[in-house]
$ cat query-v1.pdb   # PDB, C-alpha atoms
ATOM      1  CA  MET A 554     106.226-147.581  93.831
ATOM      2  CA  LYS A 555     109.964-147.404  94.546
ATOM      3  CA  LYS A 556     110.345-144.414  92.223
ATOM      4  CA  LEU A 557     107.480-142.629  93.955
ATOM      5  CA  ILE A 558     109.000-143.222  97.394
ATOM      6  CA  ASP A 559     112.423-142.113  96.119
ATOM      7  CA  SER A 560     110.876-138.917  94.706
ATOM      8  CA  TYR A 561     109.110-138.235  98.003
ATOM      9  CA  PHE A 562     112.392-138.778  99.836
ATOM     10  CA  ARG A 563     114.179-136.304  97.554
ATOM     11  CA  LEU A 564     111.374-133.793  98.143
ATOM     12  CA  LEU A 565     111.803-134.187 101.908
ATOM     13  CA  ASN A 566     115.532-133.558 101.549
ATOM     14  CA  TRP A 567     114.931-130.385  99.557
ATOM     15  CA  LEU A 568     112.291-129.212 102.037
ATOM     16  CA  LEU A 569     114.772-129.750 104.852
ATOM     17  CA  VAL A 570     117.419-127.724 103.031
ATOM     18  CA  GLY A 571     114.858-124.983 102.355
ATOM     19  CA  THR A 572     113.700-124.956 105.961
ATOM     20  CA  ILE A 573     117.252-124.547 107.207
ATOM     21  CA  ALA A 574     117.950-121.798 104.661
ATOM     22  CA  ILE A 575     114.784-119.901 105.585
ATOM     23  CA  LEU A 576     115.491-120.395 109.303
ATOM     24  CA  LEU A 577     118.713-118.439 108.901
ATOM     25  CA  VAL A 578     116.799-115.237 108.075
ATOM     26  CA  PRO A 579     114.757-114.739 111.268
ATOM     27  CA  VAL A 580     117.563-116.023 113.491
ATOM     28  CA  THR A 581     120.033-113.616 111.890
ATOM     29  CA  MET A 582     117.515-110.790 112.274
ATOM     30  CA  GLN A 583     117.127-111.637 115.971
ATOM     31  CA  ILE A 584     120.874-111.637 116.555
ATOM     32  CA  ILE A 585     121.497-108.402 114.678
ATOM     33  CA  SER A 586     118.608-106.602 116.372
ATOM     34  CA  ARG A 587     119.713-107.800 119.797
ATOM     35  CA  TYR A 588     123.269-106.459 119.568
ATOM     36  CA  THR A 589     122.949-103.472 117.225
ATOM     37  CA  ALA A 590     120.494-100.745 116.405
ATOM     38  CA  LEU A 591     120.647-101.459 112.661
ATOM     39  CA  ILE A 592     117.213-103.056 112.493
ATOM     40  CA  PRO A 593     114.296-102.924 114.911
ATOM     41  CA  SER A 594     113.612-105.820 117.241
ATOM     42  CA  TYR A 595     110.893-107.877 115.574
ATOM     43  CA  ILE A 596     108.952-110.159 117.894
ATOM     44  CA  TRP A 597     107.584-112.377 115.104
ATOM     45  CA  THR A 598     111.076-113.636 114.240
ATOM     46  CA  GLU A 599     111.193-115.743 117.417
ATOM     47  CA  GLU A 600     107.854-117.376 116.644
ATOM     48  CA  LEU A 601     108.742-118.046 113.015
ATOM     49  CA  SER A 602     112.090-119.505 114.093
ATOM     50  CA  ARG A 603     110.330-121.856 116.493
ATOM     51  CA  PHE A 604     107.907-123.046 113.812
ATOM     52  CA  LEU A 605     110.679-123.581 111.264
ATOM     53  CA  PHE A 606     112.679-125.450 113.886
ATOM     54  CA  ILE A 607     109.713-127.775 114.510
ATOM     55  CA  TRP A 608     109.461-128.539 110.797
ATOM     56  CA  MET A 609     113.228-128.965 110.537
ATOM     57  CA  ILE A 610     113.146-131.592 113.300
ATOM     58  CA  MET A 611     110.183-133.441 111.806
ATOM     59  CA  LEU A 612     111.650-133.449 108.291
ATOM     60  CA  GLY A 613     114.972-134.641 109.671
ATOM     61  CA  ALA A 614     113.223-137.435 111.581
ATOM     62  CA  MET A 615     111.390-138.538 108.433
ATOM     63  CA  ILE A 616     114.649-138.629 106.491
ATOM     64  CA  ALA A 617     116.432-140.461 109.310
ATOM     65  CA  VAL A 618     113.833-143.244 109.330
ATOM     66  CA  ARG A 619     114.360-143.831 105.609
ATOM     67  CA  GLU A 620     118.139-143.763 105.907
ATOM     68  CA  GLY A 621     118.175-145.734 109.150
ATOM     69  CA  THR A 622     120.327-143.071 110.796
ATOM     70  CA  HIS A 623     118.437-142.701 114.047
ATOM     71  CA  LEU A 624     120.297-143.636 117.206
ATOM     72  CA  ASP A 625     121.423-147.209 116.791
ATOM     73  CA  VAL A 626     123.332-149.400 119.225
ATOM     74  CA  ASP A 627     125.090-152.458 117.829
ATOM     75  CA  LEU A 628     124.920-155.124 120.493
ATOM     76  CA  TRP A 629     125.825-157.898 118.044
ATOM     77  CA  PRO A 630     128.067-156.343 115.398
ATOM     78  CA  ASP A 631     128.968-159.564 113.535
ATOM     79  CA  LEU A 632     125.627-161.072 112.555
ATOM     80  CA  SER A 633     124.670-162.977 109.446
ATOM     81  CA  PRO A 634     122.440-161.123 106.966
ATOM     82  CA  LYS A 635     119.374-163.064 108.131
ATOM     83  CA  ALA A 636     120.032-162.366 111.815
ATOM     84  CA  GLU A 637     120.680-158.702 111.039
ATOM     85  CA  ALA A 638     117.392-158.529 109.107
ATOM     86  CA  ALA A 639     115.558-160.138 112.033
ATOM     87  CA  THR A 640     116.937-157.578 114.491
ATOM     88  CA  GLN A 641     116.018-154.793 112.055
ATOM     89  CA  VAL A 642     112.441-156.106 111.878
ATOM     90  CA  VAL A 643     112.167-156.034 115.674
ATOM     91  CA  ALA A 644     113.639-152.532 115.877
ATOM     92  CA  SER A 645     111.339-151.357 113.081
ATOM     93  CA  LEU A 646     108.326-152.705 114.968
ATOM     94  CA  PHE A 647     109.175-150.397 117.876
ATOM     95  CA  VAL A 648     109.523-147.442 115.514
ATOM     96  CA  LEU A 649     106.191-148.443 113.938
ATOM     97  CA  VAL A 650     104.523-148.185 117.350
ATOM     98  CA  PHE A 651     105.826-144.627 117.703
ATOM     99  CA  ALA A 652     104.725-143.843 114.141
ATOM    100  CA  CYS A 653     101.194-144.993 114.946
ATOM    101  CA  VAL A 654     101.204-142.844 118.092
ATOM    102  CA  PHE A 655     102.300-139.856 116.016
ATOM    103  CA  VAL A 656      99.556-140.486 113.469
ATOM    104  CA  TYR A 657      96.745-141.019 115.974
ATOM    105  CA  TRP A 658      97.600-138.260 118.427
ATOM    106  CA  GLY A 659      98.876-136.026 115.622
ATOM    107  CA  VAL A 660      95.429-136.061 114.030
ATOM    108  CA  LYS A 661      93.952-135.145 117.427
ATOM    109  CA  PHE A 662      96.542-132.362 117.673
ATOM    110  CA  VAL A 663      95.547-131.007 114.245
ATOM    111  CA  GLN A 664      91.859-131.137 115.194
ATOM    112  CA  PHE A 665      92.662-129.242 118.398
ATOM    113  CA  GLY A 666      94.445-126.467 116.503
ATOM    114  CA  TRP A 667      92.236-126.374 113.419
ATOM    115  CA  ASP A 668      90.828-122.878 114.065
ATOM    116  CA  GLN A 669      93.798-121.462 115.979
ATOM    117  CA  GLN A 670      96.252-118.866 114.785
ATOM    118  CA  SER A 671      99.682-118.102 116.144
ATOM    119  CA  GLU A 672      99.821-115.100 118.431
ATOM    120  CA  LEU A 673     102.338-112.882 116.709
ATOM    121  CA  ALA A 674     102.604-113.886 113.066
ATOM    122  CA  GLU A 675      98.932-114.955 112.864
ATOM    123  CA  LEU A 676      99.854-118.116 110.989
ATOM    124  CA  PRO A 677      97.302-120.945 110.977
ATOM    125  CA  MET A 678      98.444-123.429 113.608
ATOM    126  CA  THR A 679      97.218-126.274 111.391
ATOM    127  CA  PHE A 680     100.348-125.766 109.263
ATOM    128  CA  ILE A 681     102.473-126.346 112.346
ATOM    129  CA  PHE A 682     100.479-129.164 113.937
ATOM    130  CA  ILE A 683     100.204-131.151 110.683
ATOM    131  CA  ALA A 684     103.902-131.975 111.019
ATOM    132  CA  TRP A 685     103.189-134.701 113.601
ATOM    133  CA  PRO A 686     100.722-136.889 111.679
ATOM    134  CA  LEU A 687     102.660-136.290 108.453
ATOM    135  CA  ALA A 688     105.838-137.515 110.154
ATOM    136  CA  GLY A 689     103.999-140.581 111.441
ATOM    137  CA  LEU A 690     102.548-141.436 108.033
ATOM    138  CA  THR A 691     105.925-140.937 106.390
ATOM    139  CA  TRP A 692     107.547-143.227 108.955
ATOM    140  CA  VAL A 693     104.920-145.889 108.211
ATOM    141  CA  LEU A 694     105.667-145.572 104.477
ATOM    142  CA  PHE A 695     109.433-145.805 104.933
ATOM    143  CA  LEU A 696     109.124-148.598 107.492
ATOM    144  CA  GLY A 697     106.987-150.545 105.024
ATOM    145  CA  GLU A 698     109.804-150.269 102.527
ATOM    146  CA  ARG A 699     112.281-151.463 105.170
ATOM    147  CA  PHE A 700     110.027-154.365 106.202
ATOM    148  CA  VAL A 701     109.802-155.561 102.598
ATOM    149  CA  ALA A 702     113.593-155.455 102.220
ATOM    150  CA  ASN A 703     114.180-157.278 105.506
ATOM    151  CA  PHE A 704     111.542-159.937 104.803
ATOM    152  CA  ARG A 705     113.192-160.585 101.433
ATOM    153  CA  ILE A 706     116.470-161.192 103.239
ATOM    154  CA  LEU A 707     114.772-163.452 105.758
ATOM    155  CA  ALA A 708     113.052-165.423 103.026
ATOM    156  CA  SER A 709     115.982-165.836 100.671
ATOM    157  CA  GLY A 710     119.103-164.547 102.376
ATOM    158  CA  ASN A 711     119.570-162.177  99.455
ATOM    159  CA  PRO A 712     118.974-158.419  99.941
ATOM    160  CA  ARG A 713     117.842-157.906  96.329
TER     161      ARG A 713
END

$ encode --input "query-v1.pdb" --output "structure tokens"
Amino acid sequence: MKKLIDSYFRLLNWLLVGTIAILLVPVTMQIISRYTALIPSYIWTEELSRFLFIWMIMLGAMIAVREGTHLDVDLWPDLSPKAEAATQVVASLFVLVFACVFVYWGVKFVQFGWDQQSELAELPMTFIFIAWPLAGLTWVLFLGERFVANFRILASGNPR
């Protein structure tokens, strides 16, 4: 299972890199068309940029949950491994609540946009809206991995 989760994590990293690389194209086209007459002003570039930005944020959030790099405030910096694991469990429970909200309302969001298309590029909105429940499910997966690691520490004091 660990190998499967690691492979999924690597895929998310590559998708994030690809999203950022692709995002450069429409943004560059917008900038060039705004200040020069070299290329015509395409309206669809703004919409595509927005959609890629949404996916970039969601992919980054998924990766951040796995790496534990979301905003973190250390109130007690010098804790024992067991106390640190206990605080991580509590913090992860709060993130789990948000993950469940993303899954539940994300599915509703996808159902709402199932037959919709974007105005300018005529992309199916399902491809955009699916980012929310997918992020929530990914957070649940990565949080499960974190819970297992923290419960091992709580049970034995050993992270392995």

$ atom_distance --input "query-v1.pdb" --atom1 "CA of Phe662 in chain A" --atom2 "CA of Ile683 in chain A"
8.0 Å

$ atom_distance --input "query-v1.pdb" --atom1 "CA of Gly571 in chain A" --atom2 "CA of Leu601 in chain A"
14.1 Å

$ resolve_selection --input "query-v1.pdb" --expression "the PyMOL selection byres ((chain A and resi 700) around 12)" --output "count of residues only"
29

$ atom_distance --input "query-v1.pdb" --atom1 "CA of Gly621 in chain A" --atom2 "CA of Arg603 in chain A"
26.2 Å

$ resolve_selection --input "query-v1.pdb" --expression "the PyMOL selection byres ((chain A and resi 654-657) around 7)" --output "PyMOL selection string"
chain A and resi 650-653+658-661+685-686+689-690

$ axis_aligned_box --input "query-v1.pdb" --around "range 634-637 of chain A" --padding-each-side "4 Å" --output "lines of an AutoDock Vina configuration file"
center_x = 120.9
center_y = -160.9
center_z = 109.4
size_x = 11.1
size_y = 12.4
size_z = 12.8

$ residues_near_point --input "query-v1.pdb" --point "(114.0, -135.2, 107.2)" --cutoff "12 Å" --atoms "only C-alpha atoms" --output "PyMOL selection string"
chain A and resi 561-573+606-623+684+687-688+691-692+695

$ resolve_selection --input "query-v1.pdb" --expression "the PyMOL selection byres ((chain A and resi 579) around 10)" --output "JSON list (two decimals) with C-alpha atoms, in the coordinates of the input"
[["chain", "number", "residue", "atom", "x", "y", "z"],
["A", 575, "ILE", "CA", 114.78, -119.90, 105.58],
["A", 576, "LEU", "CA", 115.49, -120.40, 109.30],
["A", 577, "LEU", "CA", 118.71, -118.44, 108.90],
["A", 578, "VAL", "CA", 116.80, -115.24, 108.08],
["A", 580, "VAL", "CA", 117.56, -116.02, 113.49],
["A", 581, "THR", "CA", 120.03, -113.62, 111.89],
["A", 582, "MET", "CA", 117.52, -110.79, 112.27],
["A", 583, "GLN", "CA", 117.13, -111.64, 115.97],
["A", 584, "ILE", "CA", 120.87, -111.64, 116.56],
["A", 585, "ILE", "CA", 121.50, -108.40, 114.68],
["A", 595, "TYR", "CA", 110.89, -107.88, 115.57],
["A", 596, "ILE", "CA", 108.95, -110.16, 117.89],
["A", 597, "TRP", "CA", 107.58, -112.38, 115.10],
["A", 598, "THR", "CA", 111.08, -113.64, 114.24],
["A", 599, "GLU", "CA", 111.19, -115.74, 117.42],
["A", 600, "GLU", "CA", 107.85, -117.38, 116.64],
["A", 601, "LEU", "CA", 108.74, -118.05, 113.02],
["A", 602, "SER", "CA", 112.09, -119.50, 114.09],
["A", 603, "ARG", "CA", 110.33, -121.86, 116.49],
["A", 605, "LEU", "CA", 110.68, -123.58, 111.26]]

$ closest_residue --input "query-v1.pdb" --among "A:Lys556, A:Phe604, A:Thr679, A:Ser709" --to "Pro634 in chain A" --atoms "all atoms listed in the file"
A:Ser709

$ build_atoms --input "query-v1.pdb" --residues "range 625-657 of chain A" --atoms "N, CA and C atoms" --output "PDB file, in the frame of the given file"
ATOM      1  N   ASP A 625     121.361-145.768 116.993  1.00  0.00           N
ATOM      2  CA  ASP A 625     121.423-147.209 116.791  1.00  0.00           C
ATOM      3  C   ASP A 625     122.578-147.754 117.618  1.00  0.00           C
ATOM      4  N   VAL A 626     122.305-148.772 118.405  1.00  0.00           N
ATOM      5  CA  VAL A 626     123.332-149.400 119.225  1.00  0.00           C
ATOM      6  C   VAL A 626     123.552-150.815 118.699  1.00  0.00           C
ATOM      7  N   ASP A 627     124.765-151.116 118.323  1.00  0.00           N
ATOM      8  CA  ASP A 627     125.090-152.458 117.829  1.00  0.00           C
ATOM      9  C   ASP A 627     125.506-153.339 118.991  1.00  0.00           C
ATOM     10  N   LEU A 628     124.588-154.187 119.429  1.00  0.00           N
ATOM     11  CA  LEU A 628     124.920-155.124 120.493  1.00  0.00           C
ATOM     12  C   LEU A 628     125.624-156.351 119.935  1.00  0.00           C
ATOM     13  N   TRP A 629     125.230-156.746 118.719  1.00  0.00           N
ATOM     14  CA  TRP A 629     125.825-157.898 118.044  1.00  0.00           C
ATOM     15  C   TRP A 629     126.354-157.434 116.697  1.00  0.00           C
ATOM     16  N   PRO A 630     127.578-156.937 116.650  1.00  0.00           N
ATOM     17  CA  PRO A 630     128.067-156.343 115.398  1.00  0.00           C
ATOM     18  C   PRO A 630     128.335-157.342 114.269  1.00  0.00           C
ATOM     19  N   ASP A 631     128.618-158.604 114.583  1.00  0.00           N
ATOM     20  CA  ASP A 631     128.968-159.564 113.535  1.00  0.00           C
ATOM     21  C   ASP A 631     127.864-160.607 113.363  1.00  0.00           C
ATOM     22  N   LEU A 632     126.753-160.169 112.777  1.00  0.00           N
ATOM     23  CA  LEU A 632     125.627-161.072 112.555  1.00  0.00           C
ATOM     24  C   LEU A 632     125.539-161.448 111.085  1.00  0.00           C
ATOM     25  N   SER A 633     124.931-162.581 110.828  1.00  0.00           N
ATOM     26  CA  SER A 633     124.670-162.977 109.446  1.00  0.00           C
ATOM     27  C   SER A 633     123.601-162.050 108.869  1.00  0.00           C
ATOM     28  N   PRO A 634     123.472-161.989 107.559  1.00  0.00           N
ATOM     29  CA  PRO A 634     122.440-161.123 106.966  1.00  0.00           C
ATOM     30  C   PRO A 634     121.030-161.431 107.462  1.00  0.00           C
ATOM     31  N   LYS A 635     120.714-162.714 107.651  1.00  0.00           N
ATOM     32  CA  LYS A 635     119.374-163.064 108.131  1.00  0.00           C
ATOM     33  C   LYS A 635     119.166-162.611 109.572  1.00  0.00           C
ATOM     34  N   ALA A 636     120.157-162.795 110.419  1.00  0.00           N
ATOM     35  CA  ALA A 636     120.032-162.366 111.815  1.00  0.00           C
ATOM     36  C   ALA A 636     119.957-160.848 111.899  1.00  0.00           C
ATOM     37  N   GLU A 637     120.725-160.169 111.075  1.00  0.00           N
ATOM     38  CA  GLU A 637     120.680-158.702 111.039  1.00  0.00           C
ATOM     39  C   GLU A 637     119.292-158.231 110.594  1.00  0.00           C
ATOM     40  N   ALA A 638     118.737-158.881 109.580  1.00  0.00           N
ATOM     41  CA  ALA A 638     117.392-158.529 109.107  1.00  0.00           C
ATOM     42  C   ALA A 638     116.357-158.771 110.191  1.00  0.00           C
ATOM     43  N   ALA A 639     116.505-159.848 110.951  1.00  0.00           N
ATOM     44  CA  ALA A 639     115.558-160.138 112.033  1.00  0.00           C
ATOM     45  C   ALA A 639     115.623-159.066 113.121  1.00  0.00           C
ATOM     46  N   THR A 640     116.823-158.638 113.476  1.00  0.00           N
ATOM     47  CA  THR A 640     116.937-157.578 114.491  1.00  0.00           C
ATOM     48  C   THR A 640     116.386-156.257 113.951  1.00  0.00           C
ATOM     49  N   GLN A 641     116.563-156.012 112.661  1.00  0.00           N
ATOM     50  CA  GLN A 641     116.018-154.793 112.055  1.00  0.00           C
ATOM     51  C   GLN A 641     114.490-154.813 112.055  1.00  0.00           C
ATOM     52  N   VAL A 642     113.904-155.982 111.844  1.00  0.00           N
ATOM     53  CA  VAL A 642     112.441-156.106 111.878  1.00  0.00           C
ATOM     54  C   VAL A 642     111.930-155.775 113.274  1.00  0.00           C
ATOM     55  N   VAL A 643     112.587-156.308 114.292  1.00  0.00           N
ATOM     56  CA  VAL A 643     112.167-156.034 115.674  1.00  0.00           C
ATOM     57  C   VAL A 643     112.306-154.545 115.989  1.00  0.00           C
ATOM     58  N   ALA A 644     113.435-153.965 115.631  1.00  0.00           N
ATOM     59  CA  ALA A 644     113.639-152.532 115.877  1.00  0.00           C
ATOM     60  C   ALA A 644     112.613-151.694 115.119  1.00  0.00           C
ATOM     61  N   SER A 645     112.318-152.094 113.886  1.00  0.00           N
ATOM     62  CA  SER A 645     111.339-151.357 113.081  1.00  0.00           C
ATOM     63  C   SER A 645     109.935-151.464 113.665  1.00  0.00           C
ATOM     64  N   LEU A 646     109.635-152.567 114.317  1.00  0.00           N
ATOM     65  CA  LEU A 646     108.326-152.705 114.968  1.00  0.00           C
ATOM     66  C   LEU A 646     108.164-151.668 116.081  1.00  0.00           C
ATOM     67  N   PHE A 647     109.233-151.427 116.828  1.00  0.00           N
ATOM     68  CA  PHE A 647     109.175-150.397 117.876  1.00  0.00           C
ATOM     69  C   PHE A 647     108.988-149.011 117.273  1.00  0.00           C
ATOM     70  N   VAL A 648     109.686-148.733 116.186  1.00  0.00           N
ATOM     71  CA  VAL A 648     109.523-147.442 115.514  1.00  0.00           C
ATOM     72  C   VAL A 648     108.111-147.328 114.953  1.00  0.00           C
ATOM     73  N   LEU A 649     107.560-148.439 114.466  1.00  0.00           N
ATOM     74  CA  LEU A 649     106.191-148.443 113.938  1.00  0.00           C
ATOM     75  C   LEU A 649     105.178-148.083 115.026  1.00  0.00           C
ATOM     76  N   VAL A 650     105.409-148.546 116.236  1.00  0.00           N
ATOM     77  CA  VAL A 650     104.523-148.185 117.350  1.00  0.00           C
ATOM     78  C   VAL A 650     104.534-146.668 117.545  1.00  0.00           C
ATOM     79  N   PHE A 651     105.733-146.080 117.548  1.00  0.00           N
ATOM     80  CA  PHE A 651     105.826-144.627 117.703  1.00  0.00           C
ATOM     81  C   PHE A 651     105.192-143.904 116.519  1.00  0.00           C
ATOM     82  N   ALA A 652     105.341-144.454 115.318  1.00  0.00           N
ATOM     83  CA  ALA A 652     104.725-143.843 114.141  1.00  0.00           C
ATOM     84  C   ALA A 652     103.211-143.826 114.277  1.00  0.00           C
ATOM     85  N   CYS A 653     102.654-144.927 114.758  1.00  0.00           N
ATOM     86  CA  CYS A 653     101.194-144.993 114.946  1.00  0.00           C
ATOM     87  C   CYS A 653     100.728-144.012 116.014  1.00  0.00           C
ATOM     88  N   VAL A 654     101.521-143.846 117.062  1.00  0.00           N
ATOM     89  CA  VAL A 654     101.204-142.844 118.092  1.00  0.00           C
ATOM     90  C   VAL A 654     101.221-141.448 117.475  1.00  0.00           C
ATOM     91  N   PHE A 655     102.215-141.168 116.666  1.00  0.00           N
ATOM     92  CA  PHE A 655     102.300-139.856 116.016  1.00  0.00           C
ATOM     93  C   PHE A 655     101.113-139.618 115.094  1.00  0.00           C
ATOM     94  N   VAL A 656     100.699-140.651 114.370  1.00  0.00           N
ATOM     95  CA  VAL A 656      99.556-140.486 113.469  1.00  0.00           C
ATOM     96  C   VAL A 656      98.286-140.245 114.272  1.00  0.00           C
ATOM     97  N   TYR A 657      98.002-141.121 115.233  1.00  0.00           N
ATOM     98  CA  TYR A 657      96.745-141.019 115.974  1.00  0.00           C
ATOM     99  C   TYR A 657      96.660-139.715 116.767  1.00  0.00           C
TER     100      TYR A 657
END
